[in-house]
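One file, run_33.tsv, carrying TSV, C-alpha atoms (C1' of nucleotides):
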chain	number	residue	atom	x	y	z
A	15	MET	CA	-1.47	-12.53	-2.35
A	16	THR	CA	-3.46	-14.77	-0.06
A	17	ALA	CA	-0.74	-15.17	2.52
A	18	ASP	CA	-0.59	-12.30	4.99
A	19	ALA	CA	2.06	-13.15	7.49
A	20	ALA	CA	1.67	-10.18	9.79
A	21	ASP	CA	-0.34	-11.91	12.48
A	22	PRO	CA	1.09	-13.30	15.64
A	23	GLN	CA	-1.66	-15.85	16.21
A	24	PRO	CA	-2.93	-18.20	13.57
A	25	LEU	CA	-6.31	-16.97	12.40
A	26	SER	CA	-9.01	-18.84	10.64
A	27	GLY	CA	-11.38	-16.27	9.22
A	28	PRO	CA	-10.78	-13.69	6.50
A	29	GLN	CA	-9.81	-11.11	9.11
A	30	PRO	CA	-10.64	-8.15	6.93
A	31	VAL	CA	-8.67	-5.23	8.22
A	32	THR	CA	-8.95	-5.12	11.97
A	33	PRO	CA	-5.53	-4.19	13.29
A	34	VAL	CA	-5.73	-5.79	16.66
A	35	GLY	CA	-2.20	-5.01	17.67
A	36	THR	CA	-1.80	-1.45	16.41
A	37	GLN	CA	-0.60	0.96	19.03
A	38	PRO	CA	-2.78	4.04	19.38
A	39	LEU	CA	-1.13	7.33	18.59
A	40	THR	CA	0.59	9.07	21.45
A	41	PRO	CA	-0.64	12.60	22.13
A	42	VAL	CA	2.39	13.99	20.35
A	43	GLU	CA	1.83	11.75	17.35
A	44	ASP	CA	-1.85	12.55	17.34
A	45	GLU	CA	-1.19	16.26	17.19
A	46	ALA	CA	1.33	15.81	14.41
A	47	TRP	CA	-1.07	13.69	12.41
A	48	ARG	CA	-3.89	16.14	12.83
A	49	ALA	CA	-1.68	19.02	11.74
A	50	LEU	CA	-0.43	17.09	8.75
A	51	THR	CA	-3.97	16.15	7.82
A	52	ARG	CA	-5.03	19.75	7.82
A	53	VAL	CA	-2.05	20.61	5.67
A	54	ILE	CA	-2.67	17.96	3.06
A	55	VAL	CA	-6.34	18.86	2.94
A	56	ALA	CA	-5.97	22.61	2.72
A	57	LEU	CA	-2.59	23.30	1.16
A	58	PRO	CA	-3.30	21.85	-2.28
A	59	ARG	CA	-6.33	24.10	-2.57
A	60	ILE	CA	-4.41	27.10	-1.30
A	61	MET	CA	-1.53	26.61	-3.71
A	62	ASP	CA	-3.90	25.86	-6.54
A	63	ALA	CA	-5.92	28.99	-5.98
A	64	ASP	CA	-2.81	31.10	-5.63
A	65	LEU	CA	-1.19	29.75	-8.77
A	66	LEU	CA	-4.42	30.03	-10.69
A	67	GLU	CA	-4.84	33.64	-9.75
A	68	ARG	CA	-1.26	34.62	-10.39
A	69	ALA	CA	-0.33	32.54	-13.38
A	70	LYS	CA	-3.54	31.00	-14.69
A	71	LEU	CA	-2.02	27.61	-14.03
A	72	THR	CA	-3.22	24.68	-12.01
A	73	LEU	CA	-0.77	23.25	-9.52
A	74	ASN	CA	-0.64	20.08	-11.59
A	75	GLU	CA	-0.10	22.05	-14.76
A	76	TYR	CA	2.70	23.95	-13.11
A	77	LEU	CA	4.31	20.73	-11.93
A	78	VAL	CA	4.10	19.25	-15.41
A	79	LEU	CA	5.76	22.29	-16.95
A	80	MET	CA	8.40	22.24	-14.23
A	81	SER	CA	9.04	18.56	-14.65
A	82	LEU	CA	9.46	18.96	-18.38
A	83	SER	CA	11.71	21.98	-18.01
A	84	GLU	CA	14.11	19.95	-15.94
A	85	ALA	CA	14.10	16.89	-18.15
A	86	PRO	CA	16.84	16.34	-20.73
A	87	GLY	CA	15.72	17.95	-23.96
A	88	ARG	CA	12.82	19.50	-22.04
A	89	ALA	CA	10.83	16.40	-22.93
A	90	LEU	CA	9.45	13.31	-21.24
A	91	ARG	CA	7.55	10.28	-22.31
A	92	MET	CA	3.93	10.46	-21.17
A	93	SER	CA	4.33	7.56	-18.78
A	94	GLU	CA	7.45	9.08	-17.23
A	95	LEU	CA	5.65	12.34	-16.87
A	96	ALA	CA	2.70	10.66	-15.17
A	97	ASP	CA	5.04	9.04	-12.68
A	98	SER	CA	6.87	12.25	-12.06
A	99	VAL	CA	3.79	14.26	-11.19
A	100	LEU	CA	1.88	11.37	-9.64
A	101	ILE	CA	-1.32	11.60	-11.66
A	102	SER	CA	-3.17	9.01	-13.69
A	103	PHE	CA	-2.50	8.37	-17.35
A	104	SER	CA	-5.84	9.58	-18.56
A	105	GLY	CA	-5.66	12.60	-16.30
A	106	LEU	CA	-2.28	13.43	-17.74
A	107	THR	CA	-3.47	13.02	-21.32
A	108	ARG	CA	-6.14	15.62	-20.72
A	109	LEU	CA	-3.85	17.92	-18.82
A	110	VAL	CA	-1.32	17.82	-21.63
A	111	GLU	CA	-4.14	18.43	-24.10
A	112	ARG	CA	-4.93	21.64	-22.27
A	113	LEU	CA	-1.30	22.69	-22.26
A	114	GLU	CA	-1.04	21.82	-25.93
A	115	ARG	CA	-4.03	23.98	-26.74
A	116	ASP	CA	-2.19	27.07	-25.55
A	117	SER	CA	1.07	25.95	-27.14
A	118	SER	CA	2.95	25.43	-23.91
A	119	VAL	CA	3.60	21.84	-24.82
A	120	ARG	CA	3.88	19.88	-28.00
A	121	ARG	CA	3.56	16.13	-28.43
A	122	GLU	CA	5.66	14.19	-30.84
A	123	LYS	CA	6.11	10.56	-31.72
A	124	ILE	CA	9.06	8.81	-30.24
A	125	GLU	CA	11.64	7.81	-32.78
A	126	GLY	CA	12.51	4.20	-32.36
A	127	ASP	CA	9.28	3.45	-30.56
A	128	GLY	CA	6.29	4.57	-32.51
A	129	ARG	CA	3.88	3.61	-29.78
A	130	GLY	CA	4.93	6.22	-27.32
A	131	SER	CA	4.77	9.97	-27.49
A	132	ARG	CA	6.83	12.55	-25.76
A	133	ALA	CA	5.54	15.77	-24.31
A	134	VAL	CA	7.98	18.53	-25.21
A	135	LEU	CA	8.06	21.89	-23.49
A	136	THR	CA	7.91	24.59	-26.13
A	137	ASP	CA	9.68	27.91	-25.89
A	138	ALA	CA	6.33	29.49	-25.14
A	139	GLY	CA	5.79	26.97	-22.37
A	140	LEU	CA	9.18	27.65	-20.90
A	141	ALA	CA	8.47	31.36	-21.03
A	142	ARG	CA	5.16	30.74	-19.33
A	143	LEU	CA	6.87	28.80	-16.58
A	144	GLN	CA	9.57	31.39	-16.15
A	145	ALA	CA	6.96	34.12	-15.96
A	146	ALA	CA	5.12	32.20	-13.27
A	147	TRP	CA	8.16	31.26	-11.26
A	148	PRO	CA	9.06	34.47	-9.39
A	149	SER	CA	5.54	34.99	-8.24
A	150	HIS	CA	5.18	31.35	-7.30
A	151	LEU	CA	8.44	31.46	-5.40
A	152	GLU	CA	7.14	34.37	-3.41
A	153	SER	CA	3.99	32.43	-2.60
A	154	VAL	CA	5.89	29.33	-1.61
A	155	ARG	CA	7.95	31.37	0.80
A	156	ARG	CA	5.06	33.32	2.21
A	157	ILE	CA	2.56	30.50	2.46
A	158	VAL	CA	4.81	27.66	3.52
A	159	MET	CA	8.54	28.00	3.85
A	160	ASP	CA	8.52	31.05	6.08
A	161	HIS	CA	6.67	29.00	8.68
A	162	LEU	CA	8.96	25.99	8.59
A	163	THR	CA	11.31	27.40	11.16
A	164	GLY	CA	12.90	25.51	14.00
A	165	LEU	CA	12.94	22.38	11.90
A	166	ASP	CA	15.67	20.11	10.67
A	167	LEU	CA	14.81	20.51	7.00
A	168	PRO	CA	16.98	17.70	5.67
A	169	ALA	CA	15.40	15.34	8.18
A	170	LEU	CA	11.96	16.56	7.14
A	171	THR	CA	12.81	16.05	3.49
A	172	ALA	CA	14.04	12.55	4.18
A	173	ALA	CA	10.92	11.68	6.12
A	174	LEU	CA	8.51	13.03	3.51
A	175	THR	CA	10.46	11.34	0.77
A	176	ARG	CA	10.12	8.05	2.57
A	177	VAL	CA	6.36	8.54	2.80
A	178	ILE	CA	6.10	9.12	-0.93
A	179	ASP	CA	8.51	6.45	-2.00
A	180	GLU	CA	6.86	3.77	0.08
A	181	ASN	CA	3.34	4.64	-0.96
A	182	ALA	CA	2.76	6.80	-4.01
A	183	LEU	CA	5.37	5.21	-6.19
A	184	ALA	CA	4.33	1.77	-5.09
A	185	ALA	CA	0.74	2.59	-6.02
A	186	ALA	CA	1.79	3.99	-9.39
A	187	ARG	CA	3.81	0.91	-10.13
A	188	ARG	CA	0.95	-1.33	-9.07
A	189	ARG	CA	-1.24	0.48	-11.57
A	190	ARG	CA	0.75	-0.54	-14.60
B	1	MET	CA	-3.30	41.97	-19.65
B	2	THR	CA	-1.53	44.76	-21.51
B	3	ALA	CA	1.32	45.10	-19.03
B	4	ASP	CA	4.01	42.50	-19.45
B	5	ALA	CA	6.44	43.24	-16.65
B	6	ALA	CA	9.36	41.06	-17.55
B	7	ASP	CA	11.83	43.95	-17.77
B	8	PRO	CA	14.90	44.35	-15.65
B	9	GLN	CA	14.67	48.13	-15.33
B	10	PRO	CA	13.07	49.80	-12.30
B	11	LEU	CA	9.34	50.09	-12.76
B	12	SER	CA	7.02	52.73	-11.51
B	13	GLY	CA	3.66	50.99	-11.90
B	14	PRO	CA	1.67	48.91	-9.44
B	15	GLN	CA	4.10	46.01	-9.67
B	16	PRO	CA	1.39	43.41	-9.39
B	17	VAL	CA	3.06	40.27	-8.22
B	18	THR	CA	6.66	40.50	-9.24
B	19	PRO	CA	8.64	39.62	-6.11
B	20	VAL	CA	11.83	41.41	-6.94
B	21	GLY	CA	13.39	40.89	-3.57
B	22	THR	CA	12.39	37.30	-2.90
B	23	GLN	CA	15.32	35.10	-2.13
B	24	PRO	CA	15.46	31.96	-4.20
B	25	LEU	CA	15.19	28.74	-2.27
B	26	THR	CA	18.41	27.27	-1.00
B	27	PRO	CA	19.09	23.72	-2.15
B	28	VAL	CA	17.95	22.41	1.22
B	29	GLU	CA	14.76	24.46	1.09
B	30	ASP	CA	14.15	23.44	-2.48
B	31	GLU	CA	14.38	19.76	-1.64
B	32	ALA	CA	12.03	20.21	1.30
B	33	TRP	CA	9.52	22.07	-0.81
B	34	ARG	CA	9.60	19.47	-3.55
B	35	ALA	CA	9.11	16.68	-1.04
B	36	LEU	CA	6.25	18.53	0.60
B	37	THR	CA	4.67	19.20	-2.77
B	38	ARG	CA	4.70	15.55	-3.62
B	39	VAL	CA	3.18	14.77	-0.26
B	40	ILE	CA	0.33	17.24	-0.58
B	41	VAL	CA	-0.38	16.07	-4.11
B	42	ALA	CA	-0.26	12.34	-3.47
B	43	LEU	CA	-1.12	11.79	0.17
B	44	PRO	CA	-4.72	13.01	0.01
B	45	ARG	CA	-5.37	10.56	-2.79
B	46	ILE	CA	-3.60	7.75	-0.97
B	47	MET	CA	-5.47	8.29	2.27
B	48	ASP	CA	-8.70	8.74	0.40
B	49	ALA	CA	-8.32	5.51	-1.51
B	50	ASP	CA	-7.30	3.63	1.60
B	51	LEU	CA	-10.17	4.92	3.67
B	52	LEU	CA	-12.62	4.36	0.85
B	53	GLU	CA	-11.55	0.77	0.47
B	54	ARG	CA	-11.51	-0.02	4.16
B	55	ALA	CA	-14.42	1.97	5.47
B	56	LYS	CA	-16.31	3.28	2.43
B	57	LEU	CA	-15.57	6.75	3.65
B	58	THR	CA	-13.89	9.70	2.00
B	59	LEU	CA	-11.13	11.40	3.95
B	60	ASN	CA	-13.30	14.48	4.24
B	61	GLU	CA	-16.26	12.40	5.35
B	62	TYR	CA	-14.11	10.76	7.97
B	63	LEU	CA	-12.88	14.12	9.18
B	64	VAL	CA	-16.42	15.42	9.42
B	65	LEU	CA	-17.54	12.43	11.47
B	66	MET	CA	-14.48	12.80	13.66
B	67	SER	CA	-15.02	16.50	14.13
B	68	LEU	CA	-18.64	15.94	15.10
B	69	SER	CA	-17.75	13.12	17.47
B	70	GLU	CA	-15.47	15.44	19.39
B	71	ALA	CA	-17.89	18.36	19.52
B	72	PRO	CA	-20.07	19.00	22.56
B	73	GLY	CA	-23.34	17.15	22.03
B	74	ARG	CA	-21.78	15.49	18.97
B	75	ALA	CA	-23.14	18.39	16.95
B	76	LEU	CA	-21.86	21.44	15.13
B	77	ARG	CA	-23.33	24.25	13.14
B	78	MET	CA	-22.68	23.89	9.42
B	79	SER	CA	-20.43	26.93	9.37
B	80	GLU	CA	-18.42	25.71	12.35
B	81	LEU	CA	-18.09	22.33	10.72
B	82	ALA	CA	-16.90	23.88	7.46
B	83	ASP	CA	-14.24	25.79	9.35
B	84	SER	CA	-13.17	22.76	11.27
B	85	VAL	CA	-12.57	20.58	8.23
B	86	LEU	CA	-11.45	23.42	5.97
B	87	ILE	CA	-13.84	22.85	3.12
B	88	SER	CA	-16.24	25.19	1.39
B	89	PHE	CA	-19.83	25.68	2.49
B	90	SER	CA	-21.26	24.18	-0.64
B	91	GLY	CA	-18.90	21.25	-0.48
B	92	LEU	CA	-19.94	20.64	3.09
B	93	THR	CA	-23.63	20.79	2.25
B	94	ARG	CA	-23.20	17.99	-0.26
B	95	LEU	CA	-20.93	16.00	2.00
B	96	VAL	CA	-23.41	16.17	4.85
B	97	GLU	CA	-26.19	15.24	2.44
B	98	ARG	CA	-24.29	12.07	1.64
B	99	LEU	CA	-23.74	11.28	5.28
B	100	GLU	CA	-27.38	11.96	5.98
B	101	ARG	CA	-28.45	9.56	3.28
B	102	ASP	CA	-26.86	6.68	5.15
B	103	SER	CA	-28.05	7.94	8.53
B	104	SER	CA	-24.62	8.77	9.88
B	105	VAL	CA	-25.65	12.35	10.42
B	106	ARG	CA	-28.88	14.17	10.99
B	107	ARG	CA	-29.55	17.85	10.43
B	108	GLU	CA	-31.79	19.80	12.69
B	109	LYS	CA	-32.88	23.40	12.85
B	110	ILE	CA	-31.29	25.52	15.48
B	111	GLU	CA	-33.73	26.66	18.12
B	112	GLY	CA	-33.67	30.39	18.48
B	113	ASP	CA	-32.03	30.90	15.10
B	114	GLY	CA	-34.13	29.47	12.33
B	115	ARG	CA	-31.51	30.25	9.71
B	116	GLY	CA	-28.88	27.86	10.88
B	117	SER	CA	-28.87	24.13	11.06
B	118	ARG	CA	-26.75	21.80	13.09
B	119	ALA	CA	-25.26	18.57	11.88
B	120	VAL	CA	-25.65	15.95	14.58
B	121	LEU	CA	-23.71	12.71	14.65
B	122	THR	CA	-26.16	9.85	15.07
B	123	ASP	CA	-25.47	6.68	17.01
B	124	ALA	CA	-25.11	4.92	13.68
B	125	GLY	CA	-22.60	7.54	12.57
B	126	LEU	CA	-20.61	7.17	15.75
B	127	ALA	CA	-20.62	3.41	15.29
B	128	ARG	CA	-19.46	3.88	11.72
B	129	LEU	CA	-16.61	6.08	12.86
B	130	GLN	CA	-15.63	3.69	15.61
B	131	ALA	CA	-15.68	0.82	13.18
B	132	ALA	CA	-13.44	2.73	10.80
B	133	TRP	CA	-11.02	3.93	13.42
B	134	PRO	CA	-8.84	0.90	14.17
B	135	SER	CA	-8.25	0.20	10.53
B	136	HIS	CA	-7.60	3.84	9.79
B	137	LEU	CA	-5.18	4.04	12.68
B	138	GLU	CA	-3.27	1.16	11.21
B	139	SER	CA	-3.14	2.93	7.85
B	140	VAL	CA	-2.02	6.19	9.37
B	141	ARG	CA	0.84	4.41	11.08
B	142	ARG	CA	1.84	2.35	8.10
B	143	ILE	CA	1.46	5.01	5.43
B	144	VAL	CA	2.72	8.04	7.30
B	145	MET	CA	3.71	7.95	10.92
B	146	ASP	CA	6.09	5.03	10.67
B	147	HIS	CA	8.19	7.10	8.26
B	148	LEU	CA	8.33	10.24	10.36
B	149	THR	CA	11.35	9.10	12.28
B	150	GLY	CA	14.30	11.24	13.26
B	151	LEU	CA	12.03	14.25	13.51
B	152	ASP	CA	11.15	16.63	16.28
B	153	LEU	CA	7.44	15.96	16.13
B	154	PRO	CA	6.33	18.85	18.35
B	155	ALA	CA	8.37	21.23	16.23
B	156	LEU	CA	6.83	19.75	13.10
B	157	THR	CA	3.36	20.12	14.56
B	158	ALA	CA	4.04	23.72	15.46
B	159	ALA	CA	5.35	24.50	11.98
B	160	LEU	CA	2.45	22.85	10.16
B	161	THR	CA	0.00	24.53	12.48
B	162	ARG	CA	1.50	27.89	11.63
B	163	VAL	CA	1.10	27.17	7.93
B	164	ILE	CA	-2.56	26.38	8.38
B	165	ASP	CA	-3.37	29.14	10.81
B	166	GLU	CA	-1.78	31.81	8.66
B	167	ASN	CA	-3.34	30.67	5.43
B	168	ALA	CA	-6.29	28.32	5.50
B	169	LEU	CA	-8.09	29.95	8.37
B	170	ALA	CA	-7.35	33.37	6.99
B	171	ALA	CA	-8.79	32.30	3.65
B	172	ALA	CA	-11.86	30.82	5.30
B	173	ARG	CA	-12.42	33.97	7.25
B	174	ARG	CA	-11.97	36.08	4.17
B	175	ARG	CA	-14.63	34.02	2.47
B	176	ARG	CA	-17.41	35.03	4.84
C	2	DG	C1'	-42.21	46.73	8.60
C	3	DC	C1'	-38.48	46.95	5.70
C	4	DA	C1'	-33.80	46.78	4.37
C	5	DA	C1'	-29.35	44.80	5.37
C	6	DT	C1'	-27.10	40.88	6.83
C	7	DC	C1'	-26.28	36.25	8.06
C	8	DT	C1'	-26.62	31.24	7.13
C	9	DG	C1'	-27.20	27.61	4.27
C	10	DT	C1'	-28.46	25.60	-0.18
C	11	DT	C1'	-28.67	25.29	-5.20
C	12	DT	C1'	-26.54	25.40	-9.59
C	13	DG	C1'	-22.99	25.19	-13.08
C	14	DT	C1'	-18.33	24.27	-14.08
C	15	DT	C1'	-13.93	22.22	-13.41
C	16	DT	C1'	-10.82	18.59	-12.45
C	17	DG	C1'	-9.72	14.37	-11.39
C	18	DT	C1'	-10.24	9.00	-11.05
C	19	DA	C1'	-11.63	4.35	-12.88
C	20	DC	C1'	-12.45	1.36	-16.27
C	21	DA	C1'	-12.87	-0.38	-20.86
C	22	DA	C1'	-12.21	-0.23	-25.60
C	23	DA	C1'	-9.68	1.27	-29.65
C	24	DC	C1'	-5.32	1.81	-31.87
C	25	DA	C1'	-0.73	1.59	-33.40
C	26	DT	C1'	3.53	-0.22	-32.82
C	27	DA	C1'	6.87	-3.62	-30.98
C	28	DC	C1'	8.38	-8.11	-30.23
C	29	DG	C1'	8.93	-13.10	-30.44
C	30	DG	C1'	8.16	-17.84	-32.02
C	31	DG	C1'	7.09	-20.78	-35.62
D	29	DC	C1'	7.81	-13.41	-42.96
D	30	DC	C1'	3.64	-13.64	-40.40
D	31	DC	C1'	0.69	-14.11	-36.64
D	32	DG	C1'	-0.42	-13.50	-31.93
D	33	DT	C1'	0.43	-11.06	-27.95
D	34	DA	C1'	2.37	-7.20	-25.20
D	35	DT	C1'	2.93	-2.34	-24.52
D	36	DG	C1'	2.03	2.76	-24.65
D	37	DT	C1'	-1.27	6.05	-25.42
D	38	DT	C1'	-5.64	7.96	-26.41
D	39	DT	C1'	-10.49	8.17	-26.03
D	40	DG	C1'	-15.14	7.70	-24.14
D	41	DT	C1'	-18.25	7.13	-20.47
D	42	DA	C1'	-19.56	7.33	-15.81
D	43	DC	C1'	-18.85	9.20	-11.54
D	44	DA	C1'	-17.23	11.76	-7.49
D	45	DA	C1'	-16.01	15.75	-5.30
D	46	DA	C1'	-14.66	20.28	-5.09
D	47	DC	C1'	-15.31	25.44	-5.74
D	48	DA	C1'	-17.60	29.93	-6.81
D	49	DA	C1'	-21.47	32.51	-7.50
D	50	DA	C1'	-26.18	33.12	-7.35
D	51	DC	C1'	-29.97	32.42	-4.52
D	52	DA	C1'	-33.54	31.97	-0.60
D	53	DG	C1'	-35.13	32.17	4.01
D	54	DA	C1'	-34.62	33.96	8.69
D	55	DT	C1'	-33.15	37.47	11.74
D	56	DT	C1'	-31.93	41.84	13.34
D	57	DG	C1'	-31.64	46.80	13.58
D	58	DC	C1'	-33.57	50.93	12.59
As a first step, turn the structure in this file into structure tokens.
Amino acid sequence: MTADAADPQPLSGPQPVTPVGTQPLTPVEDEAWRALTRVIVALPRIMDADLLERAKLTLNEYLVLMSLSEAPGRALRMSELADSVLISFSGLTRLVERLERDSSVRREKIEGDGRGSRAVLTDAGLARLQAAWPSHLESVRRIVMDHLTGLDLPALTAALTRVIDENALAAARRRR
Amino acid sequence: MTADAADPQPLSGPQPVTPVGTQPLTPVEDEAWRALTRVIVALPRIMDADLLERAKLTLNEYLVLMSLSEAPGRALRMSELADSVLISFSGLTRLVERLERDSSVRREKIEGDGRGSRAVLTDAGLARLQAAWPSHLESVRRIVMDHLTGLDLPALTAALTRVIDENALAAARRRR
DNA sequence: GCAATCTGTTTGTTTGTACAAACATACGGG
DNA sequence: CCCGTATGTTTGTACAAACAAACAGATTGC
């Protein structure tokens, strides 16, 4: 924890965060970063608003339903679910509460481990998701995918996956 | 509310959102969309936390300071600033209030148009931004840019820019 | 000079995080 | 078997930040 062996010269002080040797962004990198920044700032709100209007679902709620629908038995342990949608435990508890209130999800004790509980997608929840899906698909195409032309999509996927794997998952794991 | 258009037969009504003809995502597109979704959900939080820890600045606050620093006279009208960082008017008002409280920004009436006010980056604010920059640069590289290898960056920039231009700016404009 | 419009601010609500405490259950050593 | 600790989840509080809608002041056109 105390050792930080990234420095070329031996340093004496705490050296808070000053990255003396970091290369500035090239113009091309700078443009890419600015564009990506705008996307990560604006796109969540855009998708959220769209989904809310069309399906009365938050983006996070949609992702939870989707994650459950693809899980074996349409169910996941709360902690697995939190990892899969990248939100905090307490945030997930409240989100699942909301979904439980409208019967999209049910919680049940885990057999064999009475501490945990599993969120189970109900038939109503699945129907809700299926009702939302076509419209959401259309939005995804119109808002995002239609503009991702001239790109090597598999390479993009790999790159974005690296970003998440090296950061979000690490942070989630650290939080345990 | 009364219409429940889940039927396979041809419909005559308004057909609210049902995208009958939308092609489902190909596996490659699906993977890309899922990766992008995870990025737009997690990356804002990651960058926010990082910036907050290193510079006591929110991502949006940082972007506002940056936007101002690059504007002529280090100043922008509130509405221009809101457009430039893609946040709502009311959100911007509060954000600028925060920045004003620590003297990073000053607001002044616009001469000739008493309705508007301009946010001006103070010397202290510029210093704050410059102090945050090297560390933030290091984070941007480490968290994101280092992983964007094997990509045509200009093509990526162009694609992301299209997404924003066709959606966020349109939404902002619609909001006036 | 008055109404319509533009610009910004205020207010109320929503959603999320962080952190700590409360629980219940699981597990492991004596 | 029993006790102490670890784990998984929920709950409560405090807080931050965002949006939408209502609002207020200034300006402009008629």
Each chain B residue no farther than 8 Å from chain D, nearest pair in Å, only C-alpha atoms (C1' of nucleotides), as JSON lines:
{"residue": "B:Ser88", "atom": "CA", "partner": "D:DC47", "partner_atom": "C1'", "distance": 7.2}
{"residue": "B:Ser90", "atom": "CA", "partner": "D:DC47", "partner_atom": "C1'", "distance": 7.9}
{"residue": "B:Gly91", "atom": "CA", "partner": "D:DA46", "partner_atom": "C1'", "distance": 6.3}
{"residue": "B:Asp113", "atom": "CA", "partner": "D:DT55", "partner_atom": "C1'", "distance": 7.5}
{"residue": "B:Gly114", "atom": "CA", "partner": "D:DA54", "partner_atom": "C1'", "distance": 5.8}
{"residue": "B:Arg115", "atom": "CA", "partner": "D:DA54", "partner_atom": "C1'", "distance": 4.9}
Work out how far CA of Leu92 (chain B) is from C1' of DT12 (chain C), in Å to one decimal.
15.1 Å
Hey, which bits of chain B sit within 8 Å of chain A, and for each residue what's the closest pair of atoms and how far apart in Å (one decimal), counting all atoms listed in the file, rows by chain and increasing number, as a Markdown table?
| residue | atom | partner | partner_atom | distance |
| --- | --- | --- | --- | --- |
| B:Ala6 | CA | A:Ala145 | CA | 7.5 |
| B:Val17 | CA | A:Ser149 | CA | 5.8 |
| B:Thr18 | CA | A:Ser149 | CA | 5.7 |
| B:Pro19 | CA | A:Ser149 | CA | 6.0 |
| B:Val20 | CA | A:Pro148 | CA | 7.9 |
| B:Thr22 | CA | A:Glu152 | CA | 6.0 |
| B:Pro24 | CA | A:Leu151 | CA | 7.1 |
| B:Leu25 | CA | A:Leu151 | CA | 7.9 |
| B:Val28 | CA | A:Pro168 | CA | 6.6 |
| B:Glu29 | CA | A:Leu167 | CA | 7.1 |
| B:Glu31 | CA | A:Thr171 | CA | 6.5 |
| B:Ala32 | CA | A:Thr171 | CA | 4.8 |
| B:Trp33 | CA | A:Met159 | CA | 7.6 |
| B:Ala35 | CA | A:Thr175 | CA | 5.8 |
| B:Leu36 | CA | A:Leu174 | CA | 6.6 |
| B:Arg38 | CA | A:Ile178 | CA | 7.1 |
| B:Val39 | CA | A:Ile178 | CA | 6.4 |
| B:Ile40 | CA | A:Ile54 | CA | 4.8 |
| B:Val41 | CA | A:Pro58 | CA | 6.7 |
| B:Ala42 | CA | A:Ala182 | CA | 6.3 |
| B:Leu43 | CA | A:Ile54 | CA | 7.0 |
| B:Pro44 | CA | A:Ile54 | CA | 6.2 |
| B:Ile46 | CA | A:Ala182 | CA | 7.1 |
| B:Arg54 | CA | A:Val31 | CA | 7.2 |
| B:Val85 | CA | A:Arg52 | CA | 7.6 |
| B:Leu86 | CA | A:Ala56 | CA | 6.4 |
| B:Ile87 | CA | A:Ala56 | CA | 7.9 |
| B:Pro134 | CA | A:Pro33 | CA | 6.1 |
| B:Ser135 | CA | A:Thr32 | CA | 5.6 |
| B:Leu137 | CA | A:Pro38 | CA | 7.1 |
| B:Glu138 | CA | A:Thr36 | CA | 6.0 |
| B:Ile143 | CA | A:Val177 | CA | 6.6 |
| B:Val144 | CA | A:Val177 | CA | 5.8 |
| B:Met145 | CA | A:Trp47 | CA | 7.6 |
| B:His147 | CA | A:Ala173 | CA | 5.7 |
| B:Leu148 | CA | A:Ala173 | CA | 5.2 |
| B:Thr149 | CA | A:Ala173 | CA | 6.7 |
| B:Gly150 | CA | A:Ala169 | CA | 6.6 |
| B:Leu151 | CA | A:Ala169 | CA | 6.4 |
| B:Asp152 | CA | A:Leu165 | CA | 7.4 |
| B:Leu153 | CA | A:Ala46 | CA | 6.3 |
| B:Pro154 | CA | A:Val42 | CA | 6.6 |
| B:Ala155 | CA | A:Leu165 | CA | 6.4 |
| B:Leu156 | CA | A:Leu165 | CA | 6.8 |
| B:Thr157 | CA | A:Ala46 | CA | 4.8 |
| B:Ala159 | CA | A:Leu162 | CA | 5.2 |
| B:Leu160 | CA | A:Ala49 | CA | 5.8 |
| B:Thr161 | CA | A:Ala49 | CA | 5.8 |
| B:Arg162 | CA | A:His161 | CA | 6.1 |
| B:Val163 | CA | A:Val158 | CA | 5.8 |
| B:Ile164 | CA | A:Val53 | CA | 6.4 |
| B:Glu166 | CA | A:Ile157 | CA | 7.7 |
| B:Asn167 | CA | A:Ile157 | CA | 6.6 |
| B:Ala168 | CA | A:Ala56 | CA | 6.4 |
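Across all paired C-alpha atoms, the best overlay of chain B on chain A gives 3.7 Å RMSD.
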Point out the residue among B:Leu126, B:Val64, B:Met78, B:Ile110 with the least atom-to-atom distance to chain C, counting all atoms listed in the file.
B:Met78
Atom pair CA of Asp137 (chain A) / CA of Ala63 (chain A): separation (Å):
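Spanning CA of Asp137 (chain A) to CA of Ala63 (chain A) is a straight-line distance of 25.3 Å.
Here CA of Arg108 (chain A) and CA of Ala138 (chain A) stand 19.2 Å from one another.
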Check: which chain C residues lie within 12 Å of chain B using only C-alpha atoms (C1' of nucleotides), as a PyMOL selection string
chain C and resi 6-12+17-19
